[in-house]
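Reading through the structure tokens given below for one structure.
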Amino acid sequence: MSEILKTENLNKSFDGIEPVKDVSFSVSKNSIVLITGENGAGKTTLFNLITGLEKTTKGKISFNDNSIESKSALQIAQLGIIRLYQQPRLFKNLLVWENLVASAHSTLGNIFLNLIFKSKSSKQEDKLLKQKAIELLTKFGLQNLSHQTAGDLSYGQQKLISFCMITMNGSKLVLLDEPFSGLNPQIIEKFSNMILQMRDEGVTFLIIEHNVPKALAISDKHIEIKEGVINKIDNRIIAWVN
Amino acid sequence: MNYIFHILVMLEIYILLALSANQKVGLSGLISLAQAVFYGIGAYITAITITKFGFSYWLALSIAILSCVIVALIFSYIAGKVRELYFTLATLALQIIFFAVVYNWIPVTNGSYGISGITNPKIFGLNINSPISFALFGGIWVLIVILFYKWFLKTPINRLIQATRDDQIAVLSLGKNPNYYKRISIILSAIIAGIAGSIYATYTSYIDPSSFTLDESILILSIVLIGGAGRIIGPITGAIIYILLPELLKFMQMPDSIAANMRMILFGLLLVLIVRFKPKGIFGKYVIQ
């Protein structure tokens with residue numbers, strides 16, 4: 001299997017602290033990779049480095065064989081790496097379907113001048129995107145939420161909707177920061193199924209999670225980080241059948 | 001009768017200003033203390049191009065709008081990168097710079113003496129010189145801006161402008177540039193305020209820096225806060241309350257010398273009550289943070 005993401009001797013240091021000392025690993029396409037470690041082991045910093053929120057001090061990160069360590073957060077997001085934050089980040093004054101349509105990647109409606117020069121096609125596209133958003137919600141069994149204001153949803157629902165937004169965006173590599181924290185077992189079950197469903201559709205996942213058993217059940221590879229270095233890499237056989 | 005039309009013209013100008021502030025505060029969540037700057041640029045450019053170069057109103061208006069767009073564009077590149085309170089501080093700086101320039105650049109703006117003799121606009125040979133014709137003229141502009149918003153509020157770009165207001169980092173991590181959406185908002189808001197300024201300059205035929213102070217900017221912001229941000233109806237309600245309040249006081253036979261102060265006291269009191277009991281404003285959709 002080809003590799004979608006690869007880090008080589010990744011290092012981040014500031015003010016004498018080295019949250020990430022030396023991390024090299026690779027993520028193959030269409031897999032789910034779990035990263036675990038104690039608090040302060042450097043997991044979140046690692047995510048910040050991959051998404052470009054923090055600049056790497058040393059080392060390389062490559063995404064689809066392009067090096068991305070010097071690119072800005074916006075450029076990296078446009079290349080197709082997206083991150084789901086631990087606290088759900090959605091547009092709380094918009095309706096749920098509007099949240100999804102606003103998340104769609106590089107559409108005509110993203111550019112102001114298209115409203116004037118391509119008004120017809122951008123209107124049409126917007127209609128299609130709304131349809132697609134409703135279909136996506138239906139696929140995950142969330143269609144009854146589509147006309148609610150996002151800010152009124154419960155914490156668990158907000159997490160599922162922000163996952164739907166990522167799906168709508170169509171990114172190829174998704175970083176999940178503690179997706180299961182604060183969720184009840186039924187929603188974790190539902191969330192796991194959504195992740196697996198997206199994996200089968202060609203999305204690669206990199207997950208940080210403290211709820212190790214639940215996350216291990218769906219992951220193909222397990223990386224344990226300790227004090228900024230990789231402690232153990234466990235290439236598991238894909239345990240999940242269907 | 002002329003007096004009623006005068007009130008109507010002032011109401012129309014404040015509706016335009018409130019709608020322009022709503023674009024920034026309501027849709028983009030950017031609290032701006034520089035709304036009077038774009039109002040002032042619209043008024044001053046119109047006045048200068050008409051009195052110094054003898055341009056027609058429409059040419060003057062076009063140049064005024066263009067100037068507003070240029071200033072807004074430069075400002076958004078500098079201030080669009082900072083958020084929340086820091087953005088507000090940047091607008092405060094813009095307001096102070098603008099006032100200092102119009103107050104002190106005497107060869108161009110005539111300083112505190114102001115510019116007089118601004119001629120009235122003409123449409124298709126019709127001279128707009130009476131309060132009633134100005135009320136119609138202003139009414140047409142208000143209608144155009146309201147129709148624009150009726151359409152614009154439903155567009156995908158507006159959805160993204162609002163998304164940027166709700167969560168800038170989420171917009172960024174979805175691969176879209178939040179600064180772009182803020183910039184669009186700042187420019188649209190500047191254009192509408194510029195139009196209001198050009199109507200004001202030709203209507204009063206005299207402008208001086210005292211109409212474009214920080215006080216004016218704060219007033220425009222509070223009109224939006226009282227009326228409510230986010231919908232078209234909110235800023236319009238705010239403007240109506242602000243303009244009709246002194247008329248109500250006059251109706252209650254209050255002498256003019258007291259009424260002017262009473263107006264600000266009552267308006268301030270209303271603002272305090274709104275913030276305490278109805279933080280979304282009378283018709284607002286969102287709480288401004």
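Lettering and numbering for the structure tokens are positional, with chains as A, B, ... in the shown order, residues counted from 1 in each chain, and ligands counted from 1 in the shown order.
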
Got a sec: who's within 12 Å of Asn30 in chain A, counting only C-alpha atoms, leaving out chain neighbours fewer than 4 positions off, as a list in words?
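Near Asn30 in chain A, the qualifying residues are Met1, Ser2, Glu3, Ile4, Leu5, Lys172, Leu173, Val174, Ile195, Leu196, Gln197, Met198, Arg199, Asp200, Glu201, Gly202, Val203, Thr204, Phe205, Leu206, Ser219, Asp220, Lys221 and Ile238 of chain A.
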
Selection to disk with C-alpha atoms, as a PDB file, in the first residue's frame:
ATOM      1  CA  MET A   1       0.000   0.000   0.000  1.00  0.00           C
ATOM      2  CA  SER A   2       1.251   3.477  -0.807  1.00  0.00           C
ATOM      3  CA  GLU A   3       1.898   6.005   1.880  1.00  0.00           C
ATOM      4  CA  ILE A   4      -0.249   9.100   2.185  1.00  0.00           C
ATOM      5  CA  LEU A   5       1.650  10.713   5.057  1.00  0.00           C
ATOM      6  CA  LYS A 172      -8.242  12.614   1.911  1.00  0.00           C
ATOM      7  CA  LEU A 173      -6.498  12.627   5.295  1.00  0.00           C
ATOM      8  CA  VAL A 174      -8.450  13.336   8.448  1.00  0.00           C
ATOM      9  CA  ILE A 195     -15.305   6.427  10.629  1.00  0.00           C
ATOM     10  CA  LEU A 196     -15.184   2.902   9.197  1.00  0.00           C
ATOM     11  CA  GLN A 197     -17.697   3.798   6.526  1.00  0.00           C
ATOM     12  CA  MET A 198     -15.555   6.746   5.432  1.00  0.00           C
ATOM     13  CA  ARG A 199     -12.397   4.618   5.537  1.00  0.00           C
ATOM     14  CA  ASP A 200     -14.065   2.234   3.091  1.00  0.00           C
ATOM     15  CA  GLU A 201     -14.779   5.215   0.835  1.00  0.00           C
ATOM     16  CA  GLY A 202     -11.096   6.067   0.623  1.00  0.00           C
ATOM     17  CA  VAL A 203     -10.405   8.380   3.537  1.00  0.00           C
ATOM     18  CA  THR A 204      -7.353   7.890   5.751  1.00  0.00           C
ATOM     19  CA  PHE A 205      -7.572   8.601   9.469  1.00  0.00           C
ATOM     20  CA  LEU A 206      -5.049   9.554  12.094  1.00  0.00           C
ATOM     21  CA  SER A 219      -7.574   0.985  13.933  1.00  0.00           C
ATOM     22  CA  ASP A 220      -5.080  -0.767  11.671  1.00  0.00           C
ATOM     23  CA  LYS A 221      -1.911   0.566  13.256  1.00  0.00           C
ATOM     24  CA  ILE A 238      -6.909  -5.423  10.124  1.00  0.00           C
TER      25      ILE A 238
END

Give me, as a compact mmCIF listing (two decimals) with C-alpha atoms, in the first residue's frame, the residues of chain B touching chain A, with the criterion being at most 7 Å (counting only C-alpha atoms).
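Output below, filename selection-v4.txt:
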# COMPACT_ATOMS: atom_id res chain seq x y z
CA PRO B 156 -23.38 31.07 -0.41
CA ILE B 157 -20.82 33.81 0.12
CA ARG B 159 -23.08 31.84 4.53
CA LEU B 160 -19.28 31.77 4.55
CA ALA B 163 -19.32 31.00 9.18
CA ASP B 166 -18.91 31.94 14.15
CA ASP B 167 -15.61 30.09 13.95
CA ALA B 170 -12.91 26.04 11.52
CA LEU B 172 -9.34 27.92 7.99
CA SER B 173 -9.10 24.20 8.66
CA LEU B 174 -11.70 23.56 5.95
CA GLY B 175 -9.24 25.08 3.48
CA LYS B 176 -10.88 28.48 3.06
CA ASN B 177 -9.27 31.81 3.79

Selected residue of minimal separation from Ser72 in chain A among A:Pro19, A:Gly141, A:Gly228, A:Gly52, counting only C-alpha atoms:
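Using only C-alpha atoms, the shortest distance to Ser72 in chain A belongs to A:Gly52.
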
Need to verify the contact set: Asn179 in chain B, 12 Å, only C-alpha atoms, exclusion of same-chain residues closer than 4 positions in sequence. Can you return it as number ranges by chain?
A: 74; B: 28, 30, 73, 75-83, 160-161, 163-165, 168-169, 171-172, 183-186

Please determine, counting only C-alpha atoms, which residue among A:Lys120, A:Lys127, A:His147, A:His222 has the shortest atom-to-atom distance to Ser31 in chain A.
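Closest to Ser31 in chain A, using only C-alpha atoms: A:His222.
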
If we count only C-alpha atoms, what is near range 197-201 of chain B at a cut-off of 9 Å, once residues fewer than 4 positions away on the same chain are taken out, given as number ranges by chain?
B: 9-10, 13, 17, 36, 38-47, 57, 60-61, 64-65, 118, 121, 134, 137-138, 192-193, 205-207

Write out as a VMD selection string each polymer residue whose atoms come within 6 Å of Asn120 in chain B, counting only C-alpha atoms; drop sequence neighbours fewer than 2 positions from it.
chain B and resid 128 to 129 202

Using N, CA and C atoms, can you export the residues from the last selection as a compact mmCIF listing (two decimals), in the first residue's frame?
# COMPACT_ATOMS: atom_id res chain seq x y z
N ILE B 128 -32.26 67.74 -8.25
CA ILE B 128 -32.72 67.32 -6.93
C ILE B 128 -32.29 68.37 -5.93
N ASN B 129 -33.21 69.28 -5.61
CA ASN B 129 -32.82 70.37 -4.73
C ASN B 129 -33.78 70.60 -3.56
N THR B 202 -24.28 66.19 -0.56
CA THR B 202 -25.04 66.98 -1.53
C THR B 202 -26.32 67.52 -0.92

Can you tell me, as an NGL selection string, what residues are no more than 12 Å from Ile274 in chain B when counting only C-alpha atoms, ignoring any on the same chain fewer than 4 positions away?
:B and (222-228 or 238 or 267-270 or 278-284 or 287)

Mind checking DSSP for range 46-217 of chain A and telling me the strand (DSSP E) residues as a PyMOL selection string?
chain A and resi 58-63+66-67+81-84+173-177+204-208

Residues within 12 Å of Leu92 in chain B, only C-alpha atoms, excluding chain neighbours under 2 positions, as a ChimeraX atom specification
/B:31-37,75,79,85-90,94-99,213-215,217-218

The selected residues should be written to file as a compact mmCIF listing (two decimals), in the first residue's frame (atoms: C-alpha atoms).
# COMPACT_ATOMS: atom_id res chain seq x y z
CA ILE B 31 -16.95 45.54 15.90
CA SER B 32 -15.94 48.66 14.03
CA LEU B 33 -15.43 52.12 15.48
CA ALA B 34 -14.65 53.54 12.04
CA GLN B 35 -18.02 53.55 10.31
CA ALA B 36 -17.92 57.37 10.21
CA VAL B 37 -14.61 57.16 8.33
CA PHE B 75 -7.33 48.64 5.86
CA ALA B 79 -6.42 44.88 10.23
CA LEU B 85 -10.77 43.50 20.35
CA TYR B 86 -7.60 44.07 18.35
CA PHE B 87 -9.64 44.67 15.23
CA THR B 88 -11.74 47.21 17.12
CA LEU B 89 -8.55 48.96 18.24
CA ALA B 90 -7.35 49.07 14.63
CA LEU B 94 -8.29 54.49 11.47
CA GLN B 95 -10.96 56.81 12.88
CA ILE B 96 -8.38 58.98 14.64
CA ILE B 97 -6.12 59.13 11.56
CA PHE B 98 -9.04 60.09 9.34
CA PHE B 99 -10.16 62.87 11.65
CA THR B 213 -16.01 61.97 14.55
CA LEU B 214 -15.53 58.98 16.81
CA ASP B 215 -18.80 59.96 18.50
CA SER B 217 -18.98 56.00 14.75
CA ILE B 218 -20.05 54.95 18.25

Pull the alpha helix (DSSP H) assignments for range 129-228 of chain B out of DSSP run on the backbone, and list those residues as a ChimeraX atom specification.
/B:131-152,156-166,168-173,178-204,214-227

Kindly export the residues of the current selection with C-alpha atoms, as a tab-separated table (two decimals), in the first residue's frame.
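Full text of out-v3.tsv as output:
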chain	number	residue	atom	x	y	z
B	131	PRO	CA	-36.30	68.17	0.59
B	132	ILE	CA	-39.06	66.17	-1.06
B	133	SER	CA	-36.93	65.26	-4.06
B	134	PHE	CA	-34.03	64.38	-1.75
B	135	ALA	CA	-36.36	62.19	0.29
B	136	LEU	CA	-37.26	60.33	-2.92
B	137	PHE	CA	-33.63	60.18	-4.03
B	138	GLY	CA	-32.52	58.79	-0.63
B	139	GLY	CA	-35.50	56.45	-0.62
B	140	ILE	CA	-34.35	54.94	-3.91
B	141	TRP	CA	-30.88	54.31	-2.47
B	142	VAL	CA	-32.35	52.71	0.65
B	143	LEU	CA	-34.53	50.53	-1.55
B	144	ILE	CA	-31.54	49.48	-3.66
B	145	VAL	CA	-29.53	48.53	-0.56
B	146	ILE	CA	-32.45	46.66	1.01
B	147	LEU	CA	-33.05	44.73	-2.23
B	148	PHE	CA	-29.34	43.98	-2.37
B	149	TYR	CA	-29.48	42.48	1.12
B	150	LYS	CA	-32.67	40.55	0.38
B	151	TRP	CA	-30.63	38.80	-2.29
B	152	PHE	CA	-27.23	38.79	-0.62
B	156	PRO	CA	-23.38	31.07	-0.41
B	157	ILE	CA	-20.82	33.81	0.12
B	158	ASN	CA	-22.91	35.28	2.94
B	159	ARG	CA	-23.08	31.84	4.53
B	160	LEU	CA	-19.28	31.77	4.55
B	161	ILE	CA	-19.07	35.32	5.90
B	162	GLN	CA	-21.29	34.22	8.79
B	163	ALA	CA	-19.32	31.00	9.18
B	164	THR	CA	-16.17	33.09	9.57
B	165	ARG	CA	-17.91	35.10	12.27
B	166	ASP	CA	-18.91	31.94	14.15
B	168	GLN	CA	-12.64	31.46	12.09
B	169	ILE	CA	-10.35	28.51	12.83
B	170	ALA	CA	-12.91	26.04	11.52
B	171	VAL	CA	-13.12	27.99	8.25
B	172	LEU	CA	-9.34	27.92	7.99
B	173	SER	CA	-9.10	24.20	8.66
B	178	PRO	CA	-11.18	33.58	6.60
B	179	ASN	CA	-9.45	36.88	5.81
B	180	TYR	CA	-11.03	36.87	2.36
B	181	TYR	CA	-14.53	36.78	3.82
B	182	LYS	CA	-13.74	39.51	6.31
B	183	ARG	CA	-12.32	41.63	3.50
B	184	ILE	CA	-15.50	41.29	1.41
B	185	SER	CA	-17.53	42.37	4.41
B	186	ILE	CA	-15.35	45.38	5.13
B	187	ILE	CA	-15.52	46.51	1.49
B	188	LEU	CA	-19.31	46.09	1.18
B	189	SER	CA	-19.79	47.99	4.39
B	190	ALA	CA	-17.50	50.79	3.16
B	191	ILE	CA	-19.40	51.12	-0.13
B	192	ILE	CA	-22.77	51.53	1.61
B	193	ALA	CA	-21.38	54.05	4.10
B	194	GLY	CA	-19.76	55.93	1.19
B	195	ILE	CA	-23.11	56.21	-0.60
B	196	ALA	CA	-24.67	57.58	2.61
B	197	GLY	CA	-21.84	60.12	2.83
B	198	SER	CA	-22.32	61.35	-0.72
B	199	ILE	CA	-26.07	61.79	-0.16
B	200	TYR	CA	-25.33	63.71	3.04
B	201	ALA	CA	-22.79	66.02	1.36
B	202	THR	CA	-25.04	66.98	-1.53
B	203	TYR	CA	-28.09	67.30	0.70
B	204	THR	CA	-26.61	69.67	3.28
B	214	LEU	CA	-15.53	58.98	16.81
B	215	ASP	CA	-18.80	59.96	18.50
B	216	GLU	CA	-20.57	59.44	15.19
B	217	SER	CA	-18.98	56.00	14.75
B	218	ILE	CA	-20.05	54.95	18.25
B	219	LEU	CA	-23.54	56.28	17.57
B	220	ILE	CA	-23.85	54.21	14.37
B	221	LEU	CA	-22.66	51.12	16.25
B	222	SER	CA	-25.18	51.69	19.04
B	223	ILE	CA	-28.00	52.11	16.51
B	224	VAL	CA	-27.23	48.59	15.30
B	225	LEU	CA	-26.95	47.25	18.86
B	226	ILE	CA	-30.36	48.66	19.80
B	227	GLY	CA	-32.13	47.62	16.61
